[in-house]
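Data file: upload.txt. Format and content: compact mmCIF, C-alpha atoms and all ligand atoms.
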# COMPACT_ATOMS: atom_id res chain seq x y z
CA MET A 1 11.70 10.99 -4.03
CA HIS A 2 11.10 8.42 -1.32
CA GLU A 3 13.61 6.21 -3.18
CA LEU A 4 16.27 7.88 -1.05
CA SER A 5 14.69 6.73 2.19
CA ILE A 6 14.09 3.27 0.72
CA ALA A 7 17.70 3.05 -0.46
CA GLU A 8 18.87 3.94 3.07
CA ASN A 9 16.83 1.07 4.49
CA VAL A 10 18.15 -1.36 1.85
CA PHE A 11 21.69 -0.19 2.62
CA GLU A 12 21.21 -0.91 6.33
CA ILE A 13 19.63 -4.32 5.86
CA ALA A 14 22.22 -5.46 3.29
CA GLY A 15 25.05 -4.01 5.40
CA GLU A 16 23.96 -5.93 8.49
CA SER A 17 23.97 -9.19 6.54
CA LEU A 18 27.29 -8.43 4.95
CA ILE A 19 28.89 -7.98 8.38
CA ILE A 20 27.22 -11.02 9.97
CA ASN A 21 28.39 -13.18 7.08
CA ARG A 22 31.89 -11.67 7.11
CA GLY A 23 31.57 -10.60 3.51
CA LYS A 24 34.31 -8.49 1.93
CA LYS A 25 32.25 -7.01 -0.80
CA LEU A 26 28.59 -6.74 -1.71
CA ARG A 27 27.90 -7.79 -5.32
CA SER A 28 24.16 -7.47 -5.58
CA VAL A 29 20.92 -7.11 -3.67
CA LYS A 30 17.73 -8.78 -4.86
CA ILE A 31 14.63 -6.78 -4.01
CA LYS A 32 10.98 -7.59 -4.61
CA VAL A 33 9.08 -4.46 -5.61
CA GLY A 34 5.31 -4.60 -5.96
CA GLU A 35 3.60 -2.67 -8.71
CA LEU A 36 1.79 -0.64 -6.03
CA ALA A 37 4.97 0.29 -4.15
CA GLY A 38 5.56 3.33 -6.37
CA VAL A 39 9.30 2.80 -6.63
CA VAL A 40 11.33 3.82 -9.68
CA PRO A 41 14.11 1.19 -10.07
CA GLU A 42 16.63 3.51 -11.77
CA SER A 43 16.24 6.11 -9.10
CA LEU A 44 16.57 3.50 -6.35
CA GLN A 45 19.85 2.28 -7.86
CA PHE A 46 21.10 5.85 -8.17
CA CYS A 47 20.33 6.63 -4.53
CA PHE A 48 21.83 3.36 -3.32
CA THR A 49 25.10 3.92 -5.19
CA ALA A 50 25.33 7.47 -3.81
CA ILE A 51 24.82 6.28 -0.23
CA ALA A 52 27.20 3.32 -0.60
CA LYS A 53 30.06 5.33 -2.10
CA GLY A 54 33.36 4.56 -0.41
CA THR A 55 32.05 1.39 1.30
CA ALA A 56 32.24 -2.33 0.53
CA MET A 57 28.78 -1.98 -0.99
CA GLU A 58 29.47 0.72 -3.56
CA ASP A 59 29.57 -1.56 -6.61
CA ALA A 60 26.46 -3.51 -5.68
CA LYS A 61 23.80 -3.89 -8.31
CA LEU A 62 20.19 -3.84 -7.25
CA LYS A 63 18.29 -6.65 -8.94
CA ILE A 64 14.68 -5.68 -8.91
CA GLU A 65 12.02 -8.32 -9.22
CA LYS A 66 8.75 -6.63 -10.15
CA MET A 67 5.71 -8.15 -8.50
CA PRO A 68 2.39 -7.87 -10.31
CA ILE A 69 -0.88 -7.13 -8.57
CA ILE A 70 -2.65 -10.35 -7.57
CA VAL A 71 -6.15 -10.26 -6.11
CA HIS A 72 -8.03 -12.92 -4.19
CA CYS A 73 -11.72 -13.12 -5.04
CA PHE A 74 -14.01 -13.59 -2.06
CA ASP A 75 -16.73 -15.06 -4.28
CA CYS A 76 -15.03 -17.74 -6.39
CA GLY A 77 -11.95 -18.05 -4.19
CA LYS A 78 -9.52 -17.73 -7.11
CA ASP A 79 -6.31 -15.69 -7.11
CA SER A 80 -5.67 -13.76 -10.33
CA THR A 81 -3.12 -11.35 -11.69
CA VAL A 82 -4.72 -8.07 -12.79
CA GLY A 83 -3.37 -5.34 -15.04
CA ASN A 84 -4.16 -1.65 -15.33
CA PHE A 85 -5.02 -1.37 -11.65
CA ILE A 86 -8.44 -2.90 -12.21
CA PHE A 87 -9.12 -4.31 -8.80
CA GLN A 88 -11.67 -6.96 -9.63
CA CYS A 89 -11.80 -10.69 -10.26
CA PRO A 90 -11.30 -11.25 -14.00
CA GLY A 91 -13.49 -14.36 -13.78
CA CYS A 92 -16.61 -12.99 -12.10
CA GLU A 93 -15.94 -9.25 -12.63
CA ASN A 94 -16.44 -8.89 -8.92
CA PRO A 95 -14.80 -6.00 -7.01
CA ASN A 96 -15.07 -7.91 -3.73
CA VAL A 97 -11.38 -8.79 -3.74
CA GLU A 98 -8.35 -8.51 -1.53
CA VAL A 99 -4.92 -7.53 -2.85
CA ILE A 100 -2.60 -10.38 -1.86
CA SER A 101 0.43 -9.26 -3.86
CA GLY A 102 1.60 -5.95 -5.35
CA ASN A 103 2.56 -4.00 -2.22
CA GLU A 104 5.88 -5.84 -1.71
CA LEU A 105 9.04 -4.00 -0.82
CA GLN A 106 11.35 -6.67 0.42
CA VAL A 107 15.06 -7.52 0.44
CA VAL A 108 15.21 -11.13 -0.73
CA GLU A 109 18.91 -12.01 -0.86
CA ILE A 110 22.39 -10.64 -1.34
CA GLU A 111 25.42 -11.87 -3.25
CA ILE A 112 28.70 -11.32 -1.44
CA ASP A 113 32.43 -12.01 -1.79
CA VAL A 114 33.70 -13.84 1.26
CA MET B 115 30.96 -15.64 -4.06
CA ALA B 116 28.11 -16.60 -1.75
CA ILE B 117 24.38 -16.00 -1.74
CA VAL B 118 22.73 -15.09 1.54
CA THR B 119 18.95 -15.29 1.91
CA ILE B 120 17.46 -12.36 3.80
CA GLU B 121 13.69 -11.96 3.29
CA ARG B 122 13.24 -8.75 5.26
CA LYS B 123 10.78 -5.96 4.58
CA VAL B 124 12.59 -2.83 3.45
CA LEU B 125 10.41 -0.65 5.69
CA GLU B 126 10.39 -3.05 8.66
CA LYS B 127 11.76 -0.36 11.00
CA ASN B 128 9.03 2.04 10.01
CA ASP B 129 6.37 -0.65 10.42
CA GLU B 130 7.68 -1.49 13.87
CA LEU B 131 7.57 2.16 15.00
CA ALA B 132 4.11 2.53 13.46
CA GLU B 133 2.90 -0.39 15.61
CA GLN B 134 4.36 1.34 18.68
CA ASN B 135 2.47 4.50 17.73
CA ARG B 136 -0.71 2.49 17.21
CA GLU B 137 -0.33 1.05 20.71
CA LEU B 138 0.08 4.58 22.16
CA PHE B 139 -3.04 5.74 20.33
CA ARG B 140 -4.96 2.70 21.56
CA LYS B 141 -3.97 3.40 25.17
CA SER B 142 -5.13 7.01 25.01
CA ALA B 143 -8.23 6.00 22.99
CA THR B 144 -7.27 8.51 20.28
CA PHE B 145 -8.68 8.06 16.78
CA VAL B 146 -5.95 8.98 14.30
CA ILE B 147 -6.31 9.95 10.67
CA ASN B 148 -3.54 10.44 8.13
CA LEU B 149 -4.61 13.22 5.78
CA VAL B 150 -3.04 12.95 2.32
CA SER B 151 -3.41 14.73 -1.04
CA SER B 152 -1.51 16.51 -3.80
CA PRO B 153 -0.11 19.91 -2.79
CA GLY B 154 -2.89 22.44 -2.36
CA SER B 155 -5.95 20.16 -2.56
CA GLY B 156 -7.18 21.65 0.69
CA LYS B 157 -5.94 19.45 3.55
CA THR B 158 -5.39 22.38 5.92
CA SER B 159 -8.63 24.05 4.84
CA LEU B 160 -10.53 20.82 5.54
CA LEU B 161 -8.82 20.56 8.91
CA GLU B 162 -9.82 24.12 9.81
CA LYS B 163 -13.45 23.43 8.86
CA THR B 164 -13.47 20.10 10.69
CA ILE B 165 -12.08 21.65 13.88
CA GLU B 166 -14.69 24.42 13.71
CA SER B 167 -17.42 21.88 13.24
CA LEU B 168 -16.34 19.52 16.04
CA LYS B 169 -15.15 22.11 18.55
CA GLY B 170 -16.78 21.64 21.95
CA LYS B 171 -17.82 18.09 21.07
CA ILE B 172 -14.41 16.39 21.16
CA LYS B 173 -10.80 17.21 21.92
CA ILE B 174 -8.63 17.45 18.80
CA ALA B 175 -4.85 17.61 18.32
CA VAL B 176 -2.92 18.10 15.10
CA ILE B 177 0.44 17.13 13.65
CA GLU B 178 1.38 19.20 10.59
CA GLY B 179 3.88 17.82 8.11
CA ASP B 180 5.49 20.11 5.57
CA VAL B 181 8.68 20.19 3.54
CA GLN B 182 9.36 23.71 4.79
CA THR B 183 7.76 26.39 7.02
CA ASP B 184 5.31 26.23 9.92
CA LEU B 185 2.63 28.16 8.04
CA ASP B 186 0.06 25.35 8.30
CA ALA B 187 0.67 24.95 12.04
CA GLN B 188 0.12 28.70 12.46
CA ARG B 189 -3.20 28.41 10.63
CA VAL B 190 -4.34 25.55 12.86
CA ALA B 191 -3.07 27.12 16.10
CA LYS B 192 -5.55 29.99 15.57
CA PHE B 193 -8.27 27.47 16.42
CA ASP B 194 -6.76 26.94 19.83
CA VAL B 195 -5.92 23.24 19.44
CA PRO B 196 -2.57 21.65 20.33
CA VAL B 197 -0.44 21.44 17.18
CA VAL B 198 3.08 20.20 16.44
CA GLN B 199 4.78 21.15 13.19
CA LEU B 200 7.11 18.64 11.54
CA VAL B 201 9.45 19.97 8.87
CA THR B 202 10.90 17.23 6.66
CA ASN B 203 13.57 19.48 5.06
CA GLY B 204 13.00 18.17 1.58
CA GLY B 205 11.61 14.78 2.61
CA CYS B 206 8.54 13.91 0.56
CA HIS B 207 6.58 12.05 3.24
CA LEU B 208 6.15 11.66 6.98
CA ASP B 209 7.35 8.45 8.59
CA ALA B 210 6.50 6.70 11.85
CA LYS B 211 9.66 7.99 13.55
CA LEU B 212 8.83 11.64 12.86
CA VAL B 213 5.30 11.07 14.13
CA GLN B 214 6.63 9.39 17.26
CA ASP B 215 8.80 12.45 17.96
CA ALA B 216 5.84 14.75 17.41
CA VAL B 217 3.59 12.65 19.65
CA SER B 218 6.14 12.89 22.47
CA ARG B 219 5.60 16.66 22.35
CA LEU B 220 1.82 16.29 22.64
CA GLU B 221 -0.34 15.37 25.62
CA LEU B 222 -2.47 12.58 24.12
CA ASP B 223 -4.52 11.85 27.24
CA GLY B 224 -8.05 13.01 26.64
CA VAL B 225 -7.46 13.67 22.94
CA ASN B 226 -10.25 11.96 20.98
CA LEU B 227 -9.02 12.81 17.52
CA LEU B 228 -5.50 13.30 16.20
CA VAL B 229 -5.18 14.54 12.64
CA ILE B 230 -1.82 14.09 10.93
CA GLU B 231 -1.57 16.29 7.83
CA ASN B 232 0.97 14.61 5.59
CA VAL B 233 3.24 16.33 3.07
CA GLY B 234 1.37 17.23 -0.14
CA ASN B 235 2.23 14.23 -2.34
CA LEU B 236 0.14 11.39 -3.75
CA VAL B 237 2.97 8.87 -4.21
CA CYS B 238 5.47 8.71 -1.38
CA PRO B 239 3.24 8.79 1.74
CA ALA B 240 1.30 5.71 0.52
CA GLY B 241 3.87 3.17 1.72
CA TYR B 242 4.62 4.68 5.13
CA ASP B 243 2.37 3.48 7.92
CA LEU B 244 2.28 6.11 10.68
CA GLY B 245 0.17 4.07 13.08
CA GLU B 246 -3.05 5.76 11.96
CA ALA B 247 -6.51 4.18 12.00
CA MET B 248 -7.15 5.30 8.44
CA LYS B 249 -5.90 7.35 5.54
CA VAL B 250 -8.17 10.11 4.30
CA VAL B 251 -7.33 11.26 0.79
CA VAL B 252 -8.41 14.69 -0.45
CA ALA B 253 -8.83 15.21 -4.20
CA SER B 254 -9.97 18.59 -5.42
CA THR B 255 -12.01 19.27 -8.53
CA THR B 256 -9.25 21.51 -9.93
CA GLU B 257 -6.99 18.47 -10.29
CA GLY B 258 -9.30 16.78 -12.78
CA ASP B 259 -11.15 13.49 -12.55
CA ASP B 260 -8.31 11.10 -13.43
CA LYS B 261 -6.21 11.31 -10.23
CA PRO B 262 -7.39 7.97 -8.78
CA LEU B 263 -6.25 6.18 -11.95
CA LYS B 264 -2.85 7.90 -11.88
CA TYR B 265 -2.18 7.31 -8.19
CA PRO B 266 -3.90 3.97 -7.54
CA ALA B 267 -1.86 2.95 -4.49
CA MET B 268 -2.96 5.99 -2.50
CA PHE B 269 -6.64 5.59 -3.36
CA ARG B 270 -6.49 1.84 -2.76
CA ASN B 271 -4.96 2.31 0.71
CA ALA B 272 -7.32 5.07 1.82
CA SER B 273 -10.62 4.55 3.62
CA VAL B 274 -12.15 7.93 2.85
CA LEU B 275 -12.17 10.18 -0.20
CA ILE B 276 -12.97 13.84 0.29
CA ILE B 277 -13.76 15.57 -3.00
CA ASN B 278 -13.00 19.22 -2.25
CA LYS B 279 -13.63 22.53 -4.05
CA ILE B 280 -17.00 21.47 -5.44
CA ASP B 281 -17.90 25.19 -5.49
CA LEU B 282 -15.61 25.46 -8.52
CA LEU B 283 -17.34 22.75 -10.58
CA PRO B 284 -19.24 25.20 -12.81
CA TYR B 285 -15.93 26.67 -13.99
CA LEU B 286 -14.04 23.43 -14.63
CA ASN B 287 -14.29 20.49 -16.95
CA CYS B 288 -13.97 18.05 -14.09
CA ASN B 289 -16.72 15.43 -14.22
CA LEU B 290 -17.73 14.64 -10.64
CA ALA B 291 -19.44 11.35 -11.55
CA GLU B 292 -16.34 10.27 -13.47
CA LEU B 293 -14.07 11.15 -10.56
CA LYS B 294 -16.17 9.06 -8.19
CA LYS B 295 -16.38 6.19 -10.67
CA ASN B 296 -12.60 6.17 -11.10
CA ALA B 297 -12.02 6.23 -7.35
CA LEU B 298 -14.51 3.44 -6.65
CA GLN B 299 -13.02 1.33 -9.41
CA ILE B 300 -9.70 1.47 -7.59
CA ASN B 301 -11.31 1.04 -4.18
CA PRO B 302 -15.03 0.16 -3.88
CA ASN B 303 -14.87 0.47 -0.08
CA LEU B 304 -14.09 4.21 -0.08
CA ALA B 305 -16.49 6.41 1.88
CA VAL B 306 -16.93 9.47 -0.35
CA PHE B 307 -17.78 13.02 0.75
CA GLU B 308 -18.24 16.00 -1.55
CA VAL B 309 -17.30 19.23 0.16
CA SER B 310 -16.38 22.83 -0.33
CA CYS B 311 -14.17 24.35 2.32
CA THR B 312 -15.06 27.76 0.93
CA THR B 313 -18.85 27.54 1.19
CA GLY B 314 -18.87 24.91 3.96
CA SER B 315 -21.06 22.61 1.90
CA GLY B 316 -20.74 18.93 2.90
CA ILE B 317 -18.59 19.67 5.96
CA LYS B 318 -21.30 18.67 8.40
CA GLU B 319 -21.82 15.25 6.80
CA TRP B 320 -18.08 14.54 6.93
CA SER B 321 -17.67 15.85 10.49
CA ASP B 322 -20.62 13.83 11.75
CA TRP B 323 -19.21 10.71 10.13
CA LEU B 324 -15.80 11.35 11.70
CA PHE B 325 -17.33 12.19 15.09
CA ALA B 326 -19.13 8.82 15.10
CA ARG B 327 -15.76 7.11 14.82
CA THR B 328 -14.04 8.84 17.74
N1 LIG C 401 -12.50 27.60 -4.22
C1 LIG C 401 -12.06 26.83 -3.24
N2 LIG C 401 -10.78 26.98 -2.80
C2 LIG C 401 -10.37 26.20 -1.80
C3 LIG C 401 -11.20 25.20 -1.20
N3 LIG C 401 -10.49 24.56 -0.25
C4 LIG C 401 -9.26 25.12 -0.24
N4 LIG C 401 -9.18 26.10 -1.16
C5 LIG C 401 -7.99 26.94 -1.45
O1 LIG C 401 -6.97 26.10 -1.98
C6 LIG C 401 -5.69 26.57 -1.56
C7 LIG C 401 -4.89 25.46 -0.91
O2 LIG C 401 -5.55 25.05 0.29
P1 LIG C 401 -4.79 24.41 1.52
O3 LIG C 401 -5.81 24.07 2.54
O4 LIG C 401 -3.65 25.24 1.95
O5 LIG C 401 -4.23 23.08 0.83
P2 LIG C 401 -3.25 21.99 1.42
O6 LIG C 401 -3.63 20.67 0.82
O7 LIG C 401 -3.22 22.06 2.89
O8 LIG C 401 -1.84 22.45 0.82
P3 LIG C 401 -0.36 21.93 1.21
O9 LIG C 401 -0.33 21.70 2.68
O10 LIG C 401 0.54 23.02 0.77
O11 LIG C 401 -0.16 20.67 0.41
C8 LIG C 401 -5.96 27.74 -0.63
O12 LIG C 401 -5.79 28.92 -1.35
C9 LIG C 401 -7.39 27.54 -0.22
O13 LIG C 401 -8.05 28.75 0.11
C10 LIG C 401 -12.55 25.08 -1.70
O14 LIG C 401 -13.35 24.23 -1.26
N5 LIG C 401 -12.90 25.91 -2.73
MG MG C 402 -1.58 22.20 4.20
ZN ZN C 403 -14.11 -14.44 -8.69
How does the structure come out when it is put into structure tokens?
Amino acid sequence: MHELSIAENVFEIAGESLIINRGKKLRSVKIKVGELAGVVPESLQFCFTAIAKGTAMEDAKLKIEKMPIIVHCFDCGKDSTVGNFIFQCPGCENPNVEVISGNELQVVEIEIDV
Amino acid sequence: MAIVTIERKVLEKNDELAEQNRELFRKSATFVINLVSSPGSGKTSLLEKTIESLKGKIKIAVIEGDVQTDLDAQRVAKFDVPVVQLVTNGGCHLDAKLVQDAVSRLELDGVNLLVIENVGNLVCPAGYDLGEAMKVVVASTTEGDDKPLKYPAMFRNASVLIINKIDLLPYLNCNLAELKKNALQINPNLAVFEVSCTTGSGIKEWSDWLFART
């Protein structure tokens, strides 16, 4: 259940921005979540709403943008999306790759009432 | 209504503290491993065997992370090494802040190896950098050979795989070759050791490898 700790961090980051921008109410938070981040969106929303209860952020909806795993192949130089956690270049079937996307856990933007 | 662009990492605070820890470890020339596994795979047993094997050669300190109790710290303290117990009170992983607090209660000067035993969990600890040099994942034969496929992030982020409880292989339908194949498919750079903490088999190979890195 590390969604609770992640929701706390999202709450803090969104809250800081809300204050700086003199927002009255937080509408939504857009978050990029990589396939390797191991985050369950429903549970993240649940935790966030529980933490935000009674604040200007309580009705905020978390908009989760799922990021697929993309690997960079050191042989052919291509970047490819891979499924099923098969960490190899689909072109050359080469495991000599680096994961360049899929670990994301990032607050992208918020929608606020000003 | 207005849209405000943020672009901040959710765990930026943790990452920042982890970098501070890393700097501390660099200053004291301490090699730090983050020991992860499912509950009961044998992290503490491996630690006990490793301490036994390296005792007298290097100075070791331990941070124990558990949801409740200091039972693991008690086990390790019997080996006469400095140990700090962290209790997460329900928390499913250690974070860089907890480790920083624990480190402040340890004398790191002269410590060559610090082992952080994480909470037994193959999901949550994967995303939390503690400032360690590497993650060491323990998978035991009793868990079956499919764990790397079910928990890819942990196996992808680890540098070492310890396959523990190989003494039990004759009694299980865990296929060792399949387990290794699955792990290497997720992460071809894993250094793999097959051990039994009960018989002591494979412990020397692992300890020597670890010793060479301190
Ligand atoms: N047969 C056998 N049993 C083992 C081996 N290693 C550990 N065990 C047993 O497995 C059980 C769990 O071992 P621990 O070392 O406590 O496991 P752990 O990963 O530290 O557990 P948590 O900290 O609770 O997650 C104990 O009863 C050990 O005696 C082994 O190589 N073979
Ligand atoms: Mg233990
Ligand atoms: Zn390629």
Tell me the residues of chain B close to chain A, meaning within 6 Å using all atoms listed in the file, as a ChimeraX atom specification.
-> /B:115-124,238,267,300
Could you pull out the residues sitting within 9 Å of ligand MG 402 (chain C), using only C-alpha atoms and all ligand atoms, and write them as a PDB file with C-alpha atoms, keeping the file's coordinate frame?
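As written to disk, pocket_38.pdb reads:
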ATOM      1  CA  PRO B 153      -0.110  19.910  -2.790  1.00  0.00           C
ATOM      2  CA  GLY B 154      -2.890  22.440  -2.360  1.00  0.00           C
ATOM      3  CA  SER B 155      -5.950  20.160  -2.560  1.00  0.00           C
ATOM      4  CA  GLY B 156      -7.180  21.650   0.690  1.00  0.00           C
ATOM      5  CA  LYS B 157      -5.940  19.450   3.550  1.00  0.00           C
ATOM      6  CA  THR B 158      -5.390  22.380   5.920  1.00  0.00           C
ATOM      7  CA  SER B 159      -8.630  24.050   4.840  1.00  0.00           C
ATOM      8  CA  LEU B 161      -8.820  20.560   8.910  1.00  0.00           C
ATOM      9  CA  GLU B 178       1.380  19.200  10.590  1.00  0.00           C
ATOM     10  CA  GLY B 179       3.880  17.820   8.110  1.00  0.00           C
ATOM     11  CA  ASP B 180       5.490  20.110   5.570  1.00  0.00           C
ATOM     12  CA  LEU B 185       2.630  28.160   8.040  1.00  0.00           C
ATOM     13  CA  ASP B 186       0.060  25.350   8.300  1.00  0.00           C
ATOM     14  CA  ALA B 187       0.670  24.950  12.040  1.00  0.00           C
ATOM     15  CA  GLU B 231      -1.570  16.290   7.830  1.00  0.00           C
ATOM     16  CA  ASN B 232       0.970  14.610   5.590  1.00  0.00           C
ATOM     17  CA  VAL B 233       3.240  16.330   3.070  1.00  0.00           C
ATOM     18  CA  GLY B 234       1.370  17.230  -0.140  1.00  0.00           C
TER      19      GLY B 234
END
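Candidate residues B:Ala305, B:Ala132, B:Leu125, B:Val195 were compared for distance to Glu319 of chain B, and the nearest is B:Ala305, using all atoms listed in the file.
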Can you tell me, as a PDB file with C-alpha atoms, in the coordinates of the input, what residues are no more than 12 Å from segment 79-81 of chain A when counting all atoms listed in the file, ignoring any on the same chain fewer than 2 positions away?
ATOM      1  CA  GLU A  35       3.600  -2.670  -8.710  1.00  0.00           C
ATOM      2  CA  MET A  67       5.710  -8.150  -8.500  1.00  0.00           C
ATOM      3  CA  PRO A  68       2.390  -7.870 -10.310  1.00  0.00           C
ATOM      4  CA  ILE A  69      -0.880  -7.130  -8.570  1.00  0.00           C
ATOM      5  CA  ILE A  70      -2.650 -10.350  -7.570  1.00  0.00           C
ATOM      6  CA  VAL A  71      -6.150 -10.260  -6.110  1.00  0.00           C
ATOM      7  CA  HIS A  72      -8.030 -12.920  -4.190  1.00  0.00           C
ATOM      8  CA  CYS A  73     -11.720 -13.120  -5.040  1.00  0.00           C
ATOM      9  CA  PHE A  74     -14.010 -13.590  -2.060  1.00  0.00           C
ATOM     10  CA  ASP A  75     -16.730 -15.060  -4.280  1.00  0.00           C
ATOM     11  CA  CYS A  76     -15.030 -17.740  -6.390  1.00  0.00           C
ATOM     12  CA  GLY A  77     -11.950 -18.050  -4.190  1.00  0.00           C
ATOM     13  CA  GLY A  83      -3.370  -5.340 -15.040  1.00  0.00           C
ATOM     14  CA  ASN A  84      -4.160  -1.650 -15.330  1.00  0.00           C
ATOM     15  CA  PHE A  85      -5.020  -1.370 -11.650  1.00  0.00           C
ATOM     16  CA  ILE A  86      -8.440  -2.900 -12.210  1.00  0.00           C
ATOM     17  CA  PHE A  87      -9.120  -4.310  -8.800  1.00  0.00           C
ATOM     18  CA  GLN A  88     -11.670  -6.960  -9.630  1.00  0.00           C
ATOM     19  CA  CYS A  89     -11.800 -10.690 -10.260  1.00  0.00           C
ATOM     20  CA  PRO A  90     -11.300 -11.250 -14.000  1.00  0.00           C
ATOM     21  CA  GLY A  91     -13.490 -14.360 -13.780  1.00  0.00           C
ATOM     22  CA  CYS A  92     -16.610 -12.990 -12.100  1.00  0.00           C
ATOM     23  CA  GLU A  93     -15.940  -9.250 -12.630  1.00  0.00           C
ATOM     24  CA  ASN A  94     -16.440  -8.890  -8.920  1.00  0.00           C
ATOM     25  CA  VAL A  97     -11.380  -8.790  -3.740  1.00  0.00           C
ATOM     26  CA  GLU A  98      -8.350  -8.510  -1.530  1.00  0.00           C
ATOM     27  CA  VAL A  99      -4.920  -7.530  -2.850  1.00  0.00           C
ATOM     28  CA  ILE A 100      -2.600 -10.380  -1.860  1.00  0.00           C
ATOM     29  CA  SER A 101       0.430  -9.260  -3.860  1.00  0.00           C
ATOM     30  CA  GLY A 102       1.600  -5.950  -5.350  1.00  0.00           C
TER      31      GLY A 102
END
Using only the atoms of segment 54-59 of chain A listed in the file, plus 4 Å on each side, state the axis-aligned box centre and edge lengths in Å rounded to one decimal, as JSON.
{"center_x": 31.1, "center_y": 1.1, "center_z": -2.7, "size_x": 12.6, "size_y": 14.9, "size_z": 15.9}
Non-local contacts of Asn301 of chain B (8 Å; only C-alpha atoms; under 2 positions in same chain excluded) as a ChimeraX atom specification = /A:87 /B:269-270,297-299,303-304
